[in-house]
Amino acid sequence: MFQALQNPLGWCWLIWVAIVVVLVRRSDRRLAIVTGSACLFLTLVGGTPLSAWLLARLEHPTSMASLPTRADAIVVLGGSYTASQAEPAGFKASSAFDRITTGLALVDRGLSTNLVLGGGIDPVALPRIHDSEALRPWLERRVPTTVRIHVIESSTTTREEALHFAPMAAREHWTQIVLVTSASHLPRATAAFRAQGIQVIPMACAFEGQARLNSHNRWTLIPNTGDLRLAGMWFHEQVGSLYYRLRAWSTD
């Protein structure tokens with residue numbers, strides 16, 4: 001709880017609670033209920049395990065034992081790094097960088113000699129190059145020389161990654177394809193690729209909801225940005241899955 005108070009969000013929440021108390025003391029019942037309900041909602045999604053629990057319900061582990069002994073390609077979706085001139089490595093990693101480490105683990109296992117990277121070009125960040133092209137030099141130093149690194153055409157959505165990957169898979173005659181992405185995103189990503197006729201074998205990683213549930217300090221009551229981020233991830237997947245179904249962009 002003390003750590004939560006070190007965040008400006010925690011102080012804003014305390015001020016909000018104080019306003020609710022003042023409204024109650026002034027007998028402004030209607031405004032107190034509205035303000036208090038909003039404050040309670042923020043507490044639930046930002047200061048309790050609720051957001052982690054909701055996200056964890058989307059995260060279904062996949063076993064390495066379920067993978068084939070050999071695959072034509074390992075596809076790692078983007079979204080876990082961006083090109084950056086400020087970083088010595090040339091890219092900035094995010095909390096979902098487990099996608100890349102999982103891809104490397106599968107390469108180390110000898111699953112495939114083709115590693116395919118998704119992602120796109122950030123219209124604001126510098127340099128304006130494909131995020132995966134910024135990552136490529138770092139990866140090439142960490143994989144055997146027999147491994148080929150492919151980059152999918154710049155994409156802004158998972159559906160675009162599937163659309164741009166389909167002709168690559170056809171050109172290379174790939175049929176056994178392992179798809180790597182965050183566990184909460186994997187159901188939508190798998191459905192999007194299969195809607196393009198690409199029969200992928202899903203491989204989950206970056207279990208952020210599960211990790212939060214396993215942490216020692218799950219209850220803070222005072223909202224924190226970490227739990228609010230998990231709530232945003234859950235909401236993003238719910239809206240995204242619904243939108244993909246309405247547009248017939250997935251097999252669900």
# chains A, B, ... in the order shown; residues from 1 in each chain; ligands from 1
>>> residues_around(residues="range 44-50 of chain A", least_positions_apart="4", cutoff="8 Å", atoms="only C-alpha atoms", output="short mmCIF file (atom, residue, chain, number, x, y, z; two decimals) with C-alpha atoms, in the first residue's frame")
data_model
loop_
_atom_site.label_atom_id
_atom_site.label_comp_id
_atom_site.auth_asym_id
_atom_site.auth_seq_id
_atom_site.Cartn_x
_atom_site.Cartn_y
_atom_site.Cartn_z
CA LEU A 40 -15.16 1.97 -6.01
CA LEU A 54 -9.92 -11.61 -15.53
CA ARG A 212 0.23 -10.88 -10.86
CA LEU A 213 -1.92 -13.45 -9.06
CA ARG A 218 -1.99 -8.72 -4.75
CA TRP A 219 -4.18 -6.40 -2.66
CA THR A 220 -3.29 -2.71 -2.48
CA LEU A 221 -6.82 -1.19 -2.40
CA ILE A 222 -5.18 2.03 -3.57
CA PRO A 223 -5.21 1.79 -7.39
CA ASN A 224 -1.89 1.28 -9.14
CA THR A 225 -0.91 1.61 -12.78
CA GLY A 226 0.15 -2.03 -13.03
CA ASP A 227 -3.30 -3.42 -12.27
CA LEU A 228 -4.97 -0.79 -14.44
CA ALA A 231 -7.48 -4.24 -16.92
#
>>> select_by_dssp(residues="range 48-146 of chain A", states="strand (DSSP E)", output="list in words")
Ala73, Ile74, Val75, Val76, Tyr81, Thr82, Ala83, Phe91, Lys92, Ala93, Asn114, Leu115, Val116 and Leu117 of chain A
>>> closest_residue(among="A:Leu9, A:Leu106, A:Leu246, A:Ala96", to="Gly209 in chain A", atoms="only C-alpha atoms")
A:Ala96
>>> closest_atom_pairs(of="range 144-234 of chain A", to="range 119-133 of chain A", cutoff="12 Å", atoms="only C-alpha atoms", output="CSV")
residue,atom,partner,partner_atom,distance
A:Ile149,CA,A:Ser132,CA,9.8
A:His150,CA,A:Ser132,CA,9.1
A:Val151,CA,A:Ser132,CA,6.5
A:Ile152,CA,A:Gly119,CA,7.3
A:Glu153,CA,A:Gly120,CA,7.3
A:Ser154,CA,A:Gly120,CA,4.0
A:Ser155,CA,A:Gly120,CA,4.7
A:Thr156,CA,A:Gly120,CA,6.0
A:Thr157,CA,A:Gly119,CA,8.4
A:Thr158,CA,A:Gly119,CA,8.8
A:Arg159,CA,A:Gly119,CA,11.4
A:Glu160,CA,A:Gly119,CA,9.6
A:Glu161,CA,A:Gly119,CA,7.4
A:Ala162,CA,A:Gly119,CA,11.1
A:His164,CA,A:Gly119,CA,10.8
A:Phe165,CA,A:Gly119,CA,11.3
A:Thr181,CA,A:Gly119,CA,11.7
>>> write_last_selection(atoms="C-alpha atoms", output="PDB file, in the first residue's frame")
ATOM      1  CA  ILE A 149      15.216 -14.587 -39.730  1.00  0.00           C
ATOM      2  CA  HIS A 150      12.222 -13.361 -41.732  1.00  0.00           C
ATOM      3  CA  VAL A 151      10.276 -10.149 -41.158  1.00  0.00           C
ATOM      4  CA  ILE A 152       6.586  -9.868 -42.004  1.00  0.00           C
ATOM      5  CA  GLU A 153       5.588  -6.753 -43.931  1.00  0.00           C
ATOM      6  CA  SER A 154       4.793  -3.821 -41.632  1.00  0.00           C
ATOM      7  CA  SER A 155       1.495  -4.456 -39.824  1.00  0.00           C
ATOM      8  CA  THR A 156      -0.564  -2.444 -37.357  1.00  0.00           C
ATOM      9  CA  THR A 157      -2.924  -5.234 -36.252  1.00  0.00           C
ATOM     10  CA  THR A 158      -2.834  -8.973 -35.697  1.00  0.00           C
ATOM     11  CA  ARG A 159      -5.105  -9.459 -38.699  1.00  0.00           C
ATOM     12  CA  GLU A 160      -2.641  -7.567 -40.893  1.00  0.00           C
ATOM     13  CA  GLU A 161       0.173  -9.781 -39.618  1.00  0.00           C
ATOM     14  CA  ALA A 162      -1.885 -12.823 -40.662  1.00  0.00           C
ATOM     15  CA  HIS A 164       0.927 -10.388 -44.756  1.00  0.00           C
ATOM     16  CA  PHE A 165       2.245 -13.720 -43.512  1.00  0.00           C
ATOM     17  CA  THR A 181       2.390 -14.568 -28.630  1.00  0.00           C
TER      18      THR A 181
END
>>> closest_residue(among="A:Leu115, A:Ala18, A:Val200, A:Ala248", to="Val143 in chain A", atoms="only C-alpha atoms")
A:Leu115
>>> atom_distance(atom1="CA of Pro144 in chain A", atom2="CA of Arg70 in chain A")
16.2 Å
>>> residues_around(residues="Leu163 in chain A", least_positions_apart="6", cutoff="9 Å", atoms="only C-alpha atoms", output="list in words")
Ala192, Phe193 and Gln196 of chain A
>>> atom_distance(atom1="CA of Val147 in chain A", atom2="CA of Asn114 in chain A")
5.7 Å
>>> residues_around(residues="Arg57 in chain A", least_positions_apart="4", cutoff="12 Å", atoms="only C-alpha atoms", output="PyMOL selection string")
chain A and resi 50-53+61+183-185+187+207-210+213+234+237-238
>>> write_last_selection(atoms="N, CA and C atoms", output="JSON list (two decimals), in the first residue's frame")
[["chain", "number", "residue", "atom", "x", "y", "z"],
["A", 50, "LEU", "N", -8.75, -8.40, -9.12],
["A", 50, "LEU", "CA", -9.79, -8.60, -10.13],
["A", 50, "LEU", "C", -9.25, -8.54, -11.55],
["A", 51, "SER", "N", -8.47, -7.52, -11.88],
["A", 51, "SER", "CA", -7.95, -7.38, -13.25],
["A", 51, "SER", "C", -7.05, -8.55, -13.61],
["A", 52, "ALA", "N", -6.20, -8.95, -12.68],
["A", 52, "ALA", "CA", -5.31, -10.10, -12.94],
["A", 52, "ALA", "C", -6.11, -11.37, -13.13],
["A", 53, "TRP", "N", -7.16, -11.54, -12.33],
["A", 53, "TRP", "CA", -8.01, -12.73, -12.44],
["A", 53, "TRP", "C", -8.72, -12.79, -13.79],
["A", 61, "PRO", "N", -2.18, -22.17, -20.53],
["A", 61, "PRO", "CA", -0.83, -22.65, -20.81],
["A", 61, "PRO", "C", -0.80, -23.68, -21.94],
["A", 183, "ALA", "N", -0.07, -15.02, -23.83],
["A", 183, "ALA", "CA", -1.13, -15.99, -23.56],
["A", 183, "ALA", "C", -2.52, -15.37, -23.68],
["A", 184, "SER", "N", -2.70, -14.14, -23.20],
["A", 184, "SER", "CA", -4.02, -13.52, -23.25],
["A", 184, "SER", "C", -4.42, -13.16, -24.67],
["A", 185, "HIS", "N", -3.44, -12.96, -25.54],
["A", 185, "HIS", "CA", -3.68, -12.58, -26.93],
["A", 185, "HIS", "C", -3.77, -13.78, -27.86],
["A", 187, "PRO", "N", -5.63, -16.63, -28.12],
["A", 187, "PRO", "CA", -6.87, -17.10, -28.74],
["A", 187, "PRO", "C", -7.28, -16.25, -29.94],
["A", 207, "PHE", "N", 2.62, -14.69, -19.36],
["A", 207, "PHE", "CA", 1.42, -14.88, -18.54],
["A", 207, "PHE", "C", 1.35, -13.78, -17.49],
["A", 208, "GLU", "N", 0.95, -12.60, -17.90],
["A", 208, "GLU", "CA", 1.00, -11.44, -17.00],
["A", 208, "GLU", "C", -0.09, -11.50, -15.92],
["A", 209, "GLY", "N", -1.25, -12.00, -16.27],
["A", 209, "GLY", "CA", -2.30, -12.14, -15.26],
["A", 209, "GLY", "C", -1.91, -13.15, -14.20],
["A", 210, "GLN", "N", -1.41, -14.31, -14.64],
["A", 210, "GLN", "CA", -0.98, -15.34, -13.70],
["A", 210, "GLN", "C", 0.16, -14.85, -12.80],
["A", 213, "LEU", "N", -1.23, -12.66, -10.09],
["A", 213, "LEU", "CA", -1.92, -13.45, -9.06],
["A", 213, "LEU", "C", -0.93, -14.17, -8.15],
["A", 234, "TRP", "N", -7.10, -6.76, -20.70],
["A", 234, "TRP", "CA", -8.29, -7.61, -20.75],
["A", 234, "TRP", "C", -9.38, -6.97, -21.61],
["A", 237, "GLU", "N", -8.60, -7.15, -25.34],
["A", 237, "GLU", "CA", -8.85, -8.47, -25.93],
["A", 237, "GLU", "C", -10.34, -8.73, -26.09],
["A", 238, "GLN", "N", -11.15, -8.30, -25.13],
["A", 238, "GLN", "CA", -12.60, -8.50, -25.24],
["A", 238, "GLN", "C", -13.17, -7.74, -26.42]]
>>> decode(residues="range 79-152 of chain A", atoms="C-alpha atoms", output="mmCIF file, in the first residue's frame")
data_model
loop_
_atom_site.group_PDB
_atom_site.id
_atom_site.type_symbol
_atom_site.label_atom_id
_atom_site.label_comp_id
_atom_site.auth_asym_id
_atom_site.auth_seq_id
_atom_site.Cartn_x
_atom_site.Cartn_y
_atom_site.Cartn_z
ATOM 1 C CA GLY A 79 4.112 -5.692 -30.022
ATOM 2 C CA SER A 80 6.828 -6.464 -27.482
ATOM 3 C CA TYR A 81 9.532 -4.094 -28.733
ATOM 4 C CA THR A 82 9.941 -0.908 -30.742
ATOM 5 C CA ALA A 83 12.811 0.621 -32.680
ATOM 6 C CA SER A 84 14.636 3.212 -30.583
ATOM 7 C CA GLN A 85 17.602 5.482 -31.232
ATOM 8 C CA ALA A 86 17.940 6.111 -27.508
ATOM 9 C CA GLU A 87 18.630 2.480 -26.592
ATOM 10 C CA PRO A 88 22.149 1.058 -27.158
ATOM 11 C CA ALA A 89 20.634 -2.152 -28.552
ATOM 12 C CA GLY A 90 18.605 -0.182 -31.109
ATOM 13 C CA PHE A 91 15.237 -1.270 -29.719
ATOM 14 C CA LYS A 92 13.097 -0.808 -26.616
ATOM 15 C CA ALA A 93 11.646 -3.962 -25.020
ATOM 16 C CA SER A 94 8.271 -4.080 -23.271
ATOM 17 C CA SER A 95 6.788 -6.424 -20.669
ATOM 18 C CA ALA A 96 5.725 -8.828 -23.451
ATOM 19 C CA PHE A 97 9.317 -9.471 -24.556
ATOM 20 C CA ASP A 98 8.766 -13.046 -23.382
ATOM 21 C CA ARG A 99 7.485 -13.551 -26.938
ATOM 22 C CA ILE A 100 11.033 -13.152 -28.219
ATOM 23 C CA THR A 101 12.656 -15.229 -25.483
ATOM 24 C CA THR A 102 10.106 -17.983 -26.142
ATOM 25 C CA GLY A 103 10.901 -17.868 -29.850
ATOM 26 C CA LEU A 104 14.611 -18.153 -29.016
ATOM 27 C CA ALA A 105 13.911 -21.080 -26.680
ATOM 28 C CA LEU A 106 12.132 -22.909 -29.504
ATOM 29 C CA VAL A 107 15.037 -22.192 -31.854
ATOM 30 C CA ASP A 108 17.488 -23.474 -29.219
ATOM 31 C CA ARG A 109 15.383 -26.621 -29.017
ATOM 32 C CA GLY A 110 15.939 -27.152 -32.737
ATOM 33 C CA LEU A 111 12.256 -26.833 -33.576
ATOM 34 C CA SER A 112 12.842 -24.861 -36.784
ATOM 35 C CA THR A 113 15.483 -22.983 -38.742
ATOM 36 C CA ASN A 114 13.001 -20.261 -39.748
ATOM 37 C CA LEU A 115 12.193 -17.529 -37.233
ATOM 38 C CA VAL A 116 9.521 -15.089 -38.442
ATOM 39 C CA LEU A 117 8.961 -11.727 -36.747
ATOM 40 C CA GLY A 118 5.825 -9.604 -36.872
ATOM 41 C CA GLY A 119 5.390 -5.957 -35.929
ATOM 42 C CA GLY A 120 5.372 -2.705 -37.813
ATOM 43 C CA ILE A 121 6.713 0.803 -38.155
ATOM 44 C CA ASP A 122 5.842 3.296 -35.411
ATOM 45 C CA PRO A 123 4.781 6.526 -37.171
ATOM 46 C CA VAL A 124 6.050 8.636 -34.266
ATOM 47 C CA ALA A 125 9.147 6.894 -32.889
ATOM 48 C CA LEU A 126 12.617 7.390 -34.326
ATOM 49 C CA PRO A 127 14.130 5.841 -36.325
ATOM 50 C CA ARG A 128 11.181 5.146 -38.631
ATOM 51 C CA ILE A 129 12.153 1.588 -39.460
ATOM 52 C CA HIS A 130 10.367 -1.707 -38.975
ATOM 53 C CA ASP A 131 10.561 -2.654 -35.308
ATOM 54 C CA SER A 132 11.697 -6.167 -36.208
ATOM 55 C CA GLU A 133 14.440 -4.843 -38.474
ATOM 56 C CA ALA A 134 15.742 -2.937 -35.448
ATOM 57 C CA LEU A 135 15.661 -6.168 -33.451
ATOM 58 C CA ARG A 136 17.206 -8.335 -36.181
ATOM 59 C CA PRO A 137 20.931 -7.523 -35.520
ATOM 60 C CA TRP A 138 20.522 -8.374 -31.826
ATOM 61 C CA LEU A 139 18.787 -11.642 -32.686
ATOM 62 C CA GLU A 140 21.261 -12.653 -35.373
ATOM 63 C CA ARG A 141 24.018 -12.650 -32.763
ATOM 64 C CA ARG A 142 22.013 -15.084 -30.639
ATOM 65 C CA VAL A 143 20.849 -17.727 -33.081
ATOM 66 C CA PRO A 144 22.860 -20.295 -35.040
ATOM 67 C CA THR A 145 23.985 -19.250 -38.507
ATOM 68 C CA THR A 146 21.693 -21.943 -39.928
ATOM 69 C CA VAL A 147 18.626 -20.032 -38.694
ATOM 70 C CA ARG A 148 16.985 -17.633 -41.155
ATOM 71 C CA ILE A 149 15.216 -14.587 -39.730
ATOM 72 C CA HIS A 150 12.222 -13.361 -41.732
ATOM 73 C CA VAL A 151 10.276 -10.149 -41.158
ATOM 74 C CA ILE A 152 6.586 -9.868 -42.004
#
